[in-house]
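> My file is start_32.pdb. It has PDB, C-alpha atoms:
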ATOM      1  CA  MET L  29    -130.218 223.610  82.989
ATOM      2  CA  ALA L  30    -132.539 223.280  85.959
ATOM      3  CA  LEU L  31    -136.309 222.960  85.561
ATOM      4  CA  ASP L  32    -136.929 224.861  88.767
ATOM      5  CA  ALA L  33    -139.043 227.888  89.564
ATOM      6  CA  ASP L  34    -136.997 228.800  92.624
ATOM      7  CA  VAL L  35    -133.426 229.961  92.105
ATOM      8  CA  LYS L  36    -132.545 229.261  95.734
ATOM      9  CA  ALA L  37    -133.061 225.511  95.399
ATOM     10  CA  VAL L  38    -130.880 225.463  92.277
ATOM     11  CA  ILE L  39    -128.061 227.503  93.810
ATOM     12  CA  GLU L  40    -127.963 225.178  96.792
ATOM     13  CA  TRP L  41    -127.194 222.233  94.493
ATOM     14  CA  ALA L  42    -125.121 224.011  91.850
ATOM     15  CA  THR L  43    -122.612 225.553  94.237
ATOM     16  CA  LYS L  44    -121.683 222.363  96.102
ATOM     17  CA  GLU L  45    -118.720 221.993  93.758
ATOM     18  CA  ALA L  46    -116.845 224.350  91.428
ATOM     19  CA  LEU L  47    -118.401 223.757  88.000
ATOM     20  CA  THR L  48    -116.759 224.572  84.669
ATOM     21  CA  PHE L  49    -120.046 224.907  82.786
ATOM     22  CA  PRO L  50    -122.963 227.318  83.154
ATOM     23  CA  VAL L  51    -125.976 226.257  85.199
ATOM     24  CA  LEU L  52    -129.111 227.819  83.760
ATOM     25  CA  ILE L  53    -132.578 228.151  85.198
ATOM     26  CA  ASP L  54    -135.542 227.291  83.001
ATOM     27  CA  LYS L  55    -138.379 228.285  85.289
ATOM     28  CA  PHE L  56    -140.884 228.604  82.427
ATOM     29  CA  HIS L  57    -139.802 225.248  80.904
ATOM     30  CA  ILE L  58    -138.946 226.993  77.638
ATOM     31  CA  VAL L  59    -136.122 224.580  76.827
ATOM     32  CA  ALA L  60    -138.109 221.581  78.062
ATOM     33  CA  ASP L  61    -140.640 222.538  75.381
ATOM     34  CA  LEU L  62    -138.079 223.283  72.641
ATOM     35  CA  TYR L  63    -136.202 220.012  73.107
ATOM     36  CA  GLY L  64    -138.950 217.729  74.393
ATOM     37  CA  PHE L  65    -137.703 217.100  77.919
ATOM     38  CA  VAL L  66    -140.459 215.383  79.892
ATOM     39  CA  ASN L  67    -138.464 214.290  82.929
ATOM     40  CA  VAL L  68    -135.120 214.748  84.628
ATOM     41  CA  PRO L  69    -132.323 213.892  84.536
ATOM     42  CA  ALA L  70    -132.206 213.810  80.769
ATOM     43  CA  ALA L  71    -129.788 215.036  78.132
ATOM     44  CA  ILE L  72    -129.545 216.102  74.504
ATOM     45  CA  TRP L  73    -126.361 215.954  72.483
ATOM     46  CA  VAL L  74    -125.714 218.673  69.904
ATOM     47  CA  ASP L  75    -122.748 218.433  67.544
ATOM     48  CA  GLU L  76    -120.414 221.092  66.079
ATOM     49  CA  ASN L  77    -122.852 221.705  63.222
ATOM     50  CA  ASN L  78    -125.710 222.463  65.614
ATOM     51  CA  LYS L  79    -127.370 219.130  64.873
ATOM     52  CA  ILE L  80    -129.145 217.074  67.519
ATOM     53  CA  VAL L  81    -127.327 213.742  67.479
ATOM     54  CA  ARG L  82    -128.985 212.210  70.513
ATOM     55  CA  PRO L  83    -132.597 212.832  71.525
ATOM     56  CA  ALA L  84    -133.918 213.777  74.963
ATOM     57  CA  ASP L  85    -133.272 210.641  76.946
ATOM     58  CA  GLY L  86    -132.999 209.629  80.578
ATOM     59  CA  THR L  87    -129.402 209.996  81.754
ATOM     60  CA  PRO L  88    -129.010 209.059  85.401
ATOM     61  CA  GLY L  89    -125.737 210.174  86.929
ATOM     62  CA  SER L  90    -125.619 207.097  89.120
ATOM     63  CA  ASP L  91    -127.402 203.754  89.537
ATOM     64  CA  LEU L  92    -129.368 204.890  92.587
ATOM     65  CA  PHE L  93    -132.659 204.427  90.718
ATOM     66  CA  ARG L  94    -131.467 201.607  88.456
ATOM     67  CA  SER L  95    -134.325 199.278  89.342
ATOM     68  CA  PHE L  96    -136.798 201.953  88.299
ATOM     69  CA  SER L  97    -135.080 203.451  85.269
ATOM     70  CA  HIS L  98    -133.622 200.240  83.804
ATOM     71  CA  VAL L  99    -130.807 202.460  82.571
ATOM     72  CA  ASP L 100    -127.191 201.861  83.528
ATOM     73  CA  SER L 101    -125.417 205.138  84.139
ATOM     74  CA  GLU L 102    -122.079 203.619  83.118
ATOM     75  CA  VAL L 103    -123.344 202.635  79.674
ATOM     76  CA  HIS L 104    -124.547 206.153  79.042
ATOM     77  CA  HIS L 105    -121.298 207.660  80.329
ATOM     78  CA  ASN L 106    -119.288 205.400  78.020
ATOM     79  CA  LEU L 107    -121.424 206.388  75.040
ATOM     80  CA  LEU L 108    -120.829 210.041  75.895
ATOM     81  CA  ARG L 109    -117.060 209.512  76.151
ATOM     82  CA  SER L 110    -117.014 207.734  72.776
ATOM     83  CA  TRP L 111    -118.775 210.653  71.159
ATOM     84  CA  VAL L 112    -116.675 213.360  72.807
ATOM     85  CA  HIS L 113    -113.292 211.688  72.317
ATOM     86  CA  ASN L 114    -113.770 209.586  69.173
ATOM     87  CA  ASN L 115    -116.763 211.073  67.366
ATOM     88  CA  VAL L 116    -118.527 207.727  67.620
ATOM     89  CA  LEU L 117    -122.316 207.908  67.640
ATOM     90  CA  ASP L 118    -124.549 204.906  68.183
ATOM     91  CA  LEU L 119    -127.689 206.455  66.686
ATOM     92  CA  ASN L 120    -128.108 207.718  63.134
ATOM     93  CA  ASP L 121    -130.443 210.603  62.181
ATOM     94  CA  SER L 122    -133.417 208.416  61.510
ATOM     95  CA  GLN L 123    -132.965 206.561  64.807
ATOM     96  CA  VAL L 124    -132.793 209.903  66.631
ATOM     97  CA  ARG L 125    -136.085 210.928  64.977
ATOM     98  CA  ASP L 126    -137.699 207.576  65.761
ATOM     99  CA  PHE L 127    -136.840 207.966  69.418
ATOM    100  CA  GLN L 128    -138.283 211.461  69.698
ATOM    101  CA  LEU L 129    -141.765 211.771  71.139
ATOM    102  CA  PRO L 130    -143.441 214.852  69.671
ATOM    103  CA  PRO L 131    -145.806 216.503  72.163
ATOM    104  CA  SER L 132    -149.579 216.363  72.052
ATOM    105  CA  GLN L 133    -151.472 219.644  71.755
ATOM    106  CA  GLU L 134    -152.697 218.987  75.312
ATOM    107  CA  LEU L 135    -149.103 218.972  76.539
ATOM    108  CA  GLN L 136    -148.341 222.216  74.691
ATOM    109  CA  ASP L 137    -151.424 223.818  76.264
ATOM    110  CA  ALA L 138    -150.444 222.425  79.671
ATOM    111  CA  ARG L 139    -147.048 224.096  79.311
ATOM    112  CA  LEU L 140    -148.750 227.436  78.618
ATOM    113  CA  HIS L 141    -151.000 227.063  81.668
ATOM    114  CA  ARG L 142    -147.895 226.331  83.705
ATOM    115  CA  ARG L 143    -146.173 229.458  82.354
ATOM    116  CA  ILE L 144    -149.162 231.557  83.380
ATOM    117  CA  ALA L 145    -149.043 229.937  86.827
ATOM    118  CA  ILE L 146    -145.357 230.810  87.257
ATOM    119  CA  ALA L 147    -145.937 234.380  86.030
ATOM    120  CA  LEU L 148    -148.818 234.873  88.479
ATOM    121  CA  ARG L 149    -146.765 233.378  91.295
ATOM    122  CA  GLU L 150    -144.007 235.915  90.619
ATOM    123  CA  ARG L 151    -146.429 238.818  90.202
ATOM    124  CA  GLY L 152    -147.553 238.152  93.750
ATOM    125  CA  GLY L 153    -150.580 240.463  93.765
ATOM    126  CA  VAL L 154    -153.788 239.940  95.708
ATOM    127  CA  GLY L 155    -155.344 236.664  94.588
ATOM    128  CA  ASP L 156    -152.473 235.812  92.234
ATOM    129  CA  GLU L 157    -151.515 232.724  94.255
ATOM    130  CA  ILE L 158    -155.074 231.397  93.813
ATOM    131  CA  GLY L 159    -154.873 232.033  90.075
ATOM    132  CA  SER L 160    -151.464 230.391  89.946
ATOM    133  CA  ARG L 161    -152.770 227.226  91.593
ATOM    134  CA  LYS L 162    -155.762 227.152  89.274
ATOM    135  CA  HIS L 163    -153.470 227.133  86.230
ATOM    136  CA  LEU L 164    -151.108 224.557  87.784
ATOM    137  CA  ALA L 165    -154.127 222.294  88.319
ATOM    138  CA  ARG L 166    -155.307 222.833  84.744
ATOM    139  CA  ALA L 167    -151.819 221.964  83.446
ATOM    140  CA  GLU L 168    -151.946 218.699  85.397
ATOM    141  CA  GLU L 169    -155.358 217.821  83.980
ATOM    142  CA  LEU L 170    -154.072 218.380  80.460
ATOM    143  CA  ALA L 171    -150.790 216.491  80.970
ATOM    144  CA  PRO L 172    -151.479 213.892  83.679
ATOM    145  CA  PHE L 173    -148.373 211.832  82.842
ATOM    146  CA  ASP L 174    -145.768 214.515  82.178
ATOM    147  CA  TRP L 175    -143.203 214.454  84.963
ATOM    148  CA  THR L 176    -141.951 218.009  84.466
ATOM    149  CA  ILE L 177    -145.515 219.162  85.073
ATOM    150  CA  ARG L 178    -146.832 216.658  87.617
ATOM    151  CA  ARG L 179    -143.708 216.298  89.709
ATOM    152  CA  GLY L 180    -142.336 219.737  88.846
ATOM    153  CA  ASN L 181    -145.503 221.306  90.276
ATOM    154  CA  MET L 182    -145.197 219.524  93.624
ATOM    155  CA  PRO L 183    -142.723 221.899  95.307
ATOM    156  CA  LEU L 184    -144.832 224.840  94.067
ATOM    157  CA  VAL L 185    -147.885 223.667  95.991
ATOM    158  CA  GLY L 186    -146.120 222.408  99.103
ATOM    159  CA  VAL L 187    -146.211 218.727  98.161
ATOM    160  CA  ASP L 188    -143.183 216.516  98.856
ATOM    161  CA  PRO L 189    -141.821 215.479  95.420
ATOM    162  CA  PHE L 190    -140.638 212.246  96.999
ATOM    163  CA  GLY L 191    -143.690 211.606  99.178
ATOM    164  CA  ASP L 192    -147.011 209.771  98.948
ATOM    165  CA  GLU L 193    -148.415 211.987  96.184
ATOM    166  CA  PHE L 194    -145.374 211.295  94.056
ATOM    167  CA  PHE L 195    -145.569 207.533  94.492
ATOM    168  CA  LYS L 196    -149.281 207.656  93.707
ATOM    169  CA  PHE L 197    -148.417 209.442  90.475
ATOM    170  CA  VAL L 198    -145.680 206.921  89.605
ATOM    171  CA  ASP L 199    -148.096 204.075  90.271
ATOM    172  CA  GLY L 200    -150.745 205.553  87.975
ATOM    173  CA  TRP L 201    -148.163 206.308  85.319
ATOM    174  CA  SER L 202    -146.782 202.753  85.481
ATOM    175  CA  ARG L 203    -150.235 201.181  85.306
ATOM    176  CA  ALA L 204    -151.019 203.358  82.272
ATOM    177  CA  GLY L 205    -148.001 201.808  80.529
ATOM    178  CA  ARG L 206    -145.444 204.535  81.284
ATOM    179  CA  PRO L 207    -146.885 206.933  78.675
ATOM    180  CA  GLY L 208    -145.272 210.088  77.409
ATOM    181  CA  TYR L 209    -141.645 209.179  77.358
ATOM    182  CA  ARG L 210    -139.089 206.446  77.039
ATOM    183  CA  LEU L 211    -136.241 205.683  79.364
ATOM    184  CA  GLY L 212    -133.107 204.647  77.548
ATOM    185  CA  THR L 213    -132.865 204.074  73.829
ATOM    186  CA  GLY L 214    -132.441 200.370  74.427
ATOM    187  CA  ARG L 215    -128.742 200.720  73.792
ATOM    188  CA  GLU L 216    -128.089 201.983  77.279
ATOM    189  CA  THR L 217    -129.356 199.064  79.218
ATOM    190  CA  LYS L 218    -127.397 196.001  80.168
ATOM    191  CA  PRO L 219    -129.390 192.820  80.715
ATOM    192  CA  GLU L 220    -130.861 192.440  84.190
ATOM    193  CA  THR L 221    -128.311 190.747  86.408
ATOM    194  CA  ILE L 222    -130.818 189.538  88.981
TER     195      ILE L 222
ATOM    196  CA  MET S  16    -146.765 238.354  79.119
ATOM    197  CA  ALA S  17    -149.196 240.474  81.102
ATOM    198  CA  THR S  18    -151.474 242.946  79.453
ATOM    199  CA  SER S  19    -154.782 244.747  79.906
ATOM    200  CA  SER S  20    -157.891 243.334  78.288
ATOM    201  CA  ARG S  21    -159.841 245.684  76.073
ATOM    202  CA  GLU S  22    -163.235 245.574  74.463
ATOM    203  CA  PHE S  23    -162.158 243.864  71.272
ATOM    204  CA  GLY S  24    -161.991 240.178  70.401
ATOM    205  CA  GLU S  25    -161.195 237.540  73.027
ATOM    206  CA  PHE S  26    -158.017 238.979  74.503
ATOM    207  CA  ALA S  27    -156.738 242.219  73.042
ATOM    208  CA  ILE S  28    -153.632 244.335  73.381
ATOM    209  CA  LEU S  29    -152.738 247.567  71.619
ATOM    210  CA  VAL S  30    -151.349 247.134  68.092
ATOM    211  CA  SER S  31    -148.441 249.325  69.170
ATOM    212  CA  ASP S  32    -147.589 246.815  71.944
ATOM    213  CA  LEU S  33    -147.582 243.776  69.643
ATOM    214  CA  GLU S  34    -143.952 243.907  68.572
ATOM    215  CA  GLY S  35    -142.601 244.456  72.066
ATOM    216  CA  ALA S  36    -144.732 241.639  73.448
ATOM    217  CA  THR S  37    -144.391 239.066  70.669
ATOM    218  CA  GLY S  38    -141.744 240.157  68.151
ATOM    219  CA  TRP S  39    -144.436 240.220  65.438
ATOM    220  CA  VAL S  40    -145.533 243.334  63.504
ATOM    221  CA  LEU S  41    -148.839 243.965  61.745
ATOM    222  CA  LYS S  42    -148.075 245.181  58.207
ATOM    223  CA  PRO S  43    -150.211 245.650  55.078
ATOM    224  CA  GLU S  44    -148.942 242.260  53.801
ATOM    225  CA  GLY S  45    -149.893 240.486  57.029
ATOM    226  CA  LEU S  46    -148.325 239.485  60.325
ATOM    227  CA  CYS S  47    -144.548 239.580  60.022
ATOM    228  CA  LYS S  48    -141.581 238.479  62.075
ATOM    229  CA  GLY S  49    -138.155 238.867  60.498
ATOM    230  CA  ASP S  50    -138.413 237.605  56.915
ATOM    231  CA  ILE S  51    -141.600 235.613  57.561
ATOM    232  CA  CYS S  52    -145.023 237.070  56.820
ATOM    233  CA  TYR S  53    -148.355 235.303  57.243
ATOM    234  CA  PRO S  54    -151.252 236.717  55.230
ATOM    235  CA  VAL S  55    -154.286 237.662  57.285
ATOM    236  CA  ARG S  56    -157.507 236.456  55.695
ATOM    237  CA  ASN S  57    -159.893 238.358  57.921
ATOM    238  CA  ALA S  58    -158.191 241.563  59.015
ATOM    239  CA  GLY S  59    -161.293 242.815  60.818
ATOM    240  CA  GLU S  60    -161.221 239.779  63.105
ATOM    241  CA  LEU S  61    -157.565 240.381  63.974
ATOM    242  CA  SER S  62    -157.578 244.120  64.550
ATOM    243  CA  ASP S  63    -159.812 247.173  64.636
ATOM    244  CA  GLY S  64    -156.826 249.387  63.896
ATOM    245  CA  VAL S  65    -156.083 250.195  67.541
ATOM    246  CA  ASN S  66    -156.386 246.808  69.270
ATOM    247  CA  ILE S  67    -155.225 243.391  68.182
ATOM    248  CA  ASP S  68    -156.946 240.214  69.308
ATOM    249  CA  LEU S  69    -154.282 237.769  70.468
ATOM    250  CA  ALA S  70    -156.561 234.759  69.982
ATOM    251  CA  SER S  71    -156.828 235.629  66.262
ATOM    252  CA  PHE S  72    -153.141 236.492  66.213
ATOM    253  CA  ALA S  73    -152.311 233.002  67.526
ATOM    254  CA  LYS S  74    -154.551 231.404  64.922
ATOM    255  CA  PHE S  75    -153.003 233.321  62.017
ATOM    256  CA  THR S  76    -149.434 232.604  63.171
ATOM    257  CA  ASN S  77    -150.052 228.901  64.016
ATOM    258  CA  GLN S  78    -149.310 229.395  67.698
ATOM    259  CA  SER S  79    -150.987 227.984  70.779
ATOM    260  CA  ILE S  80    -152.522 230.429  73.208
ATOM    261  CA  VAL S  81    -153.832 230.251  76.760
ATOM    262  CA  PHE S  82    -155.226 233.350  78.422
ATOM    263  CA  ASP S  83    -156.975 234.301  81.619
ATOM    264  CA  ARG S  84    -159.049 237.436  81.298
ATOM    265  CA  GLY S  85    -159.710 237.616  85.022
ATOM    266  CA  TYR S  86    -156.014 237.746  85.843
ATOM    267  CA  GLU S  87    -155.096 239.603  82.636
ATOM    268  CA  VAL S  88    -152.398 237.133  81.668
ATOM    269  CA  VAL S  89    -151.745 235.435  78.366
ATOM    270  CA  ALA S  90    -149.189 232.867  77.197
ATOM    271  CA  LEU S  91    -148.286 232.093  73.603
ATOM    272  CA  GLY S  92    -146.217 229.140  72.444
ATOM    273  CA  ASP S  93    -145.512 226.714  69.639
ATOM    274  CA  SER S  94    -148.319 224.357  68.683
ATOM    275  CA  ALA S  95    -147.831 220.573  68.670
ATOM    276  CA  PRO S  96    -147.402 220.346  64.851
ATOM    277  CA  THR S  97    -144.846 223.178  64.899
ATOM    278  CA  ARG S  98    -142.926 221.462  67.699
ATOM    279  CA  ALA S  99    -143.036 218.082  65.936
ATOM    280  CA  GLU S 100    -141.597 219.724  62.833
ATOM    281  CA  SER S 101    -138.834 221.576  64.670
ATOM    282  CA  MET S 102    -137.848 218.450  66.613
ATOM    283  CA  SER S 103    -137.637 216.222  63.548
ATOM    284  CA  SER S 104    -135.481 218.791  61.715
ATOM    285  CA  LEU S 105    -132.730 217.866  64.243
ATOM    286  CA  ASP S 106    -131.650 221.505  64.069
ATOM    287  CA  ALA S 107    -130.884 222.509  67.670
ATOM    288  CA  PRO S 108    -132.991 225.565  68.515
ATOM    289  CA  ASP S 109    -131.237 228.479  70.195
ATOM    290  CA  PHE S 110    -132.430 229.866  73.506
ATOM    291  CA  MET S 111    -131.368 232.286  76.199
ATOM    292  CA  LEU S 112    -131.759 231.674  79.927
ATOM    293  CA  PRO S 113    -130.345 233.251  83.083
ATOM    294  CA  ASP S 114    -127.632 231.383  84.945
ATOM    295  CA  ILE S 115    -127.645 231.058  88.734
ATOM    296  CA  TYR S 116    -125.974 234.471  89.016
ATOM    297  CA  GLY S 117    -128.591 236.152  86.823
ATOM    298  CA  LYS S 118    -126.356 236.439  83.756
ATOM    299  CA  GLN S 119    -128.114 235.710  80.454
ATOM    300  CA  VAL S 120    -126.502 232.805  78.605
ATOM    301  CA  SER S 121    -127.328 231.669  75.053
ATOM    302  CA  PHE S 122    -126.993 228.142  73.776
ATOM    303  CA  SER S 123    -125.340 229.686  70.695
ATOM    304  CA  ASP S 124    -122.580 231.144  72.909
ATOM    305  CA  PHE S 125    -121.103 227.633  72.594
ATOM    306  CA  ASN S 126    -121.587 227.204  68.832
ATOM    307  CA  ARG S 127    -119.145 225.076  66.837
ATOM    308  CA  ARG S 128    -118.532 222.854  69.824
ATOM    309  CA  LYS S 129    -120.014 219.618  71.036
ATOM    310  CA  ARG S 130    -122.685 220.469  73.588
ATOM    311  CA  LEU S 131    -124.320 218.354  76.247
ATOM    312  CA  LEU S 132    -127.590 219.925  77.316
ATOM    313  CA  LEU S 133    -128.544 218.365  80.620
ATOM    314  CA  ALA S 134    -131.955 218.851  82.187
ATOM    315  CA  TRP S 135    -132.065 218.384  85.964
ATOM    316  CA  SER S 136    -133.935 219.806  88.914
ATOM    317  CA  SER S 137    -133.937 220.119  92.672
ATOM    318  CA  TRP S 138    -137.175 218.095  92.889
TER     319      TRP S 138
END
Mind converting the file's structure to C-alpha cells?

Amino acid sequence: MALDADVKAVIEWATKEALTFPVLIDKFHIVADLYGFVNVPAAIWVDENNKIVRPADGTPGSDLFRSFSHVDSEVHHNLLRSWVHNNVLDLNDSQVRDFQLPPSQELQDARLHRRIAIALRERGGVGDEIGSRKHLARAEELAPFDWTIRRGNMPLVGVDPFGDEFFKFVDGWSRAGRPGYRLGTGRETKPETI
Amino acid sequence: MATSSREFGEFAILVSDLEGATGWVLKPEGLCKGDICYPVRNAGELSDGVNIDLASFAKFTNQSIVFDRGYEVVALGDSAPTRAESMSSLDAPDFMLPDIYGKQVSFSDFNRRKRLLLAWSSW
C-alpha cells in the first residue's frame, strides 16, 4: 500500500518486478489513519482471526539507512519468517498495545486538512491549487513531526523529499526527541557493531 | 466530499444527501448508521428539516470535521479517542483501496489468512 497521491510514481516502482500481491494506493492516507502509520516503510501483521499481532513499526527492506533507523532488516525478516512458517510471535497482545502510539487530535485534524488538499488538487478548478496548498500548510502546522504529512507533502509542492528541506525536517525532529513514532520494538535491533 | 454551502449552521448539506455522503441517516430516534443510533439532544441545531449542519453532525457522531466554506469542501474522520479505542482493540479494520490498475481491493478479500500490510511510498 503506497502513501502516494500520484499513481504514476507508484506504478513506476510497482511494475519493476512481477509481484504476487496487490499494490494499493492510499492517496487520502485512509489506512495510515486506521492503522497508525506515521512513516514508511512500516508494516502491520494481521493473523487468521483478523487480529493485529504486530503494531505499525519501521520495517526497512535493507540496511541502507541502518545508521539512521537503528533497525536491522534481517532481524525483522527473521521475525516475519518465524511467524509465517512457525506461528511464533515475539510480542503478546499487551506488548502490541504498549507499542502503539494513538494519534493526537491535532494529527487527526491534520489528516483531514490533507484530505481536503488532495481533493482540491484533483478537482483542479480555478484557484483550487492555492486552496490545496493552504490546507497542506495547515496540516503541517498541526502535525509538524509526522513524516507521512511533512515528507509526504514534499512531492506535492515541488520539494525534493531527499533534499535540504527534508534534512532540515529530520534535524528538527531529532532535536525534538524523535516524537510521534518509534523505530523498532527494541527486539529488532542488534547491538551496534561499531 | 464536496458539497454546496447553504444558509444553515456552519456547513450544511441537504438532509437527502446525508446518507450518500456519509452513510448516516437522520431518523426520529437520532443519527443512525447500520445498527448504531446516536440520540440527538438538540435537533434544531442539527437540522431545519431540509438542511443538515455537518459541524453538528460531527459533534453528535463523535467525528472530527474540517471544512472550507470558500472552497466548498468538507472532510470527516475519526476523532483521536475513537482511533485510540479502535487501535487498542487489536481488531484489524477493513478498508477498500484501488490497486495500481484501478481495481478496488478490500483487506477482507484476504480474510482467514496471515496478512502483512506494508506501507511504502515513492518519496
> What is the CA of Lys118 (chain S) to CA of Ala70 (chain L) distance in Å?
23.6 Å
> What would the list of residues within 12 Å of (-120.3, 210.2, 70.4) (file frame) look like as a PDB file with C-alpha atoms, keeping the file's coordinate frame, if all atoms listed in the file are what count?

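Ended up saving to result_27.pdb:
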ATOM      1  CA  ILE L  72    -129.545 216.102  74.504  1.00  0.00           C
ATOM      2  CA  TRP L  73    -126.361 215.954  72.483  1.00  0.00           C
ATOM      3  CA  VAL L  74    -125.714 218.673  69.904  1.00  0.00           C
ATOM      4  CA  ASP L  75    -122.748 218.433  67.544  1.00  0.00           C
ATOM      5  CA  GLU L  76    -120.414 221.092  66.079  1.00  0.00           C
ATOM      6  CA  ILE L  80    -129.145 217.074  67.519  1.00  0.00           C
ATOM      7  CA  VAL L  81    -127.327 213.742  67.479  1.00  0.00           C
ATOM      8  CA  ARG L  82    -128.985 212.210  70.513  1.00  0.00           C
ATOM      9  CA  HIS L 104    -124.547 206.153  79.042  1.00  0.00           C
ATOM     10  CA  HIS L 105    -121.298 207.660  80.329  1.00  0.00           C
ATOM     11  CA  ASN L 106    -119.288 205.400  78.020  1.00  0.00           C
ATOM     12  CA  LEU L 107    -121.424 206.388  75.040  1.00  0.00           C
ATOM     13  CA  LEU L 108    -120.829 210.041  75.895  1.00  0.00           C
ATOM     14  CA  ARG L 109    -117.060 209.512  76.151  1.00  0.00           C
ATOM     15  CA  SER L 110    -117.014 207.734  72.776  1.00  0.00           C
ATOM     16  CA  TRP L 111    -118.775 210.653  71.159  1.00  0.00           C
ATOM     17  CA  VAL L 112    -116.675 213.360  72.807  1.00  0.00           C
ATOM     18  CA  HIS L 113    -113.292 211.688  72.317  1.00  0.00           C
ATOM     19  CA  ASN L 114    -113.770 209.586  69.173  1.00  0.00           C
ATOM     20  CA  ASN L 115    -116.763 211.073  67.366  1.00  0.00           C
ATOM     21  CA  VAL L 116    -118.527 207.727  67.620  1.00  0.00           C
ATOM     22  CA  LEU L 117    -122.316 207.908  67.640  1.00  0.00           C
ATOM     23  CA  ASP L 118    -124.549 204.906  68.183  1.00  0.00           C
ATOM     24  CA  LEU L 119    -127.689 206.455  66.686  1.00  0.00           C
ATOM     25  CA  ASN L 120    -128.108 207.718  63.134  1.00  0.00           C
TER      26      ASN L 120
ATOM     27  CA  LYS S 129    -120.014 219.618  71.036  1.00  0.00           C
ATOM     28  CA  ARG S 130    -122.685 220.469  73.588  1.00  0.00           C
ATOM     29  CA  LEU S 131    -124.320 218.354  76.247  1.00  0.00           C
TER      30      LEU S 131
END
> Return the neighbours of chain S among the residues of chain L, cut-off 6 Å, counting only C-alpha atoms, as an NGL selection string.
:L and (29-32 or 51-53 or 68-76 or 78-80 or 125 or 130-133 or 140 or 189)
> The PyMOL selection byres ((chain S and resi 42) around 10) on the file shown: which residues, as a list in words?
Trp39, Val40, Leu41, Pro43, Glu44, Gly45, Leu46, Cys47, Cys52, Tyr53, Pro54 and Val55 of chain S
> Enter the distance from CA of Arg84 (chain S) to CA of Gly159 (chain L), in Å, rounded to one decimal.
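Distance reported for this atom pair: 11.1 Å.
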> Find the residues near Val66 (chain L): any atom within 9 Å, counting all atoms listed in the file, skip ones fewer than 2 places away on the same chain, and give them as a PyMOL selection string.
chain L and resi 60-61+64+68+70+84+174-177+208-209
> Work out how far CA of Asn67 (chain L) is from CA of Phe190 (chain L), in Å to one decimal.
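Rounded to one decimal, the two atoms are 14.4 Å apart.
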> When the PyMOL selection byres ((chain L and resi 138) around 10) is applied to the file above, which residues end up in the set, as an MDAnalysis selection string?
(chainID L and resid 132:137 139:144 163:172 174 177) or (chainID S and resid 81)
> Could you give me, as a PDB file with C-alpha atoms, in the frame of the given file, the residues that sit within 6 Å of (-155.2, 239.2, 62.6) in the file's coordinates, counting all atoms listed in the file?

ATOM      1  CA  VAL S  55    -154.286 237.662  57.285  1.00  0.00           C
ATOM      2  CA  ALA S  58    -158.191 241.563  59.015  1.00  0.00           C
ATOM      3  CA  LEU S  61    -157.565 240.381  63.974  1.00  0.00           C
ATOM      4  CA  SER S  62    -157.578 244.120  64.550  1.00  0.00           C
ATOM      5  CA  SER S  71    -156.828 235.629  66.262  1.00  0.00           C
ATOM      6  CA  PHE S  72    -153.141 236.492  66.213  1.00  0.00           C
TER       7      PHE S  72
END
> Taking all atoms listed in the file into account, which of L:Ala33, L:Asp192, L:Pro83, L:Phe56 comes nearest Leu129 (chain L)?
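Result for the nearest residue to Leu129 (chain L): L:Pro83.
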> Give as an mmCIF file with C-alpha atoms, in the coordinates of the input the residues that the PyMOL selection byres ((chain S and resi 20-32) around 7) matches when applied to the coordinates above.

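The result, written out as selection.cif:
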data_model
loop_
_atom_site.group_PDB
_atom_site.id
_atom_site.type_symbol
_atom_site.label_atom_id
_atom_site.label_comp_id
_atom_site.auth_asym_id
_atom_site.auth_seq_id
_atom_site.Cartn_x
_atom_site.Cartn_y
_atom_site.Cartn_z
ATOM 1 C CA THR S 18 -151.474 242.946 79.453
ATOM 2 C CA SER S 19 -154.782 244.747 79.906
ATOM 3 C CA LEU S 33 -147.582 243.776 69.643
ATOM 4 C CA GLU S 34 -143.952 243.907 68.572
ATOM 5 C CA GLY S 35 -142.601 244.456 72.066
ATOM 6 C CA ALA S 36 -144.732 241.639 73.448
ATOM 7 C CA VAL S 65 -156.083 250.195 67.541
ATOM 8 C CA ASN S 66 -156.386 246.808 69.270
ATOM 9 C CA ILE S 67 -155.225 243.391 68.182
ATOM 10 C CA ASP S 68 -156.946 240.214 69.308
ATOM 11 C CA LEU S 69 -154.282 237.769 70.468
ATOM 12 C CA ALA S 70 -156.561 234.759 69.982
ATOM 13 C CA ARG S 84 -159.049 237.436 81.298
ATOM 14 C CA GLU S 87 -155.096 239.603 82.636
#
> What's around Asp188 (chain L) at 10 Å? Count all atoms listed in the file, leave out sequence neighbours fewer than 5 positions away in its own chain, and write the answer as an MDAnalysis selection string.
(chainID L and resid 179 182:183 193:194) or (chainID S and resid 138)
> What would the file look like if the residues just selected were written as a short mmCIF file (atom, residue, chain, number, x, y, z; two decimals), in the frame of the given file with C-alpha atoms?

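Once everything was written out, this is selection.cif:
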data_model
loop_
_atom_site.label_atom_id
_atom_site.label_comp_id
_atom_site.auth_asym_id
_atom_site.auth_seq_id
_atom_site.Cartn_x
_atom_site.Cartn_y
_atom_site.Cartn_z
CA ARG L 179 -143.71 216.30 89.71
CA MET L 182 -145.20 219.52 93.62
CA PRO L 183 -142.72 221.90 95.31
CA GLU L 193 -148.42 211.99 96.18
CA PHE L 194 -145.37 211.30 94.06
CA TRP S 138 -137.18 218.10 92.89
#
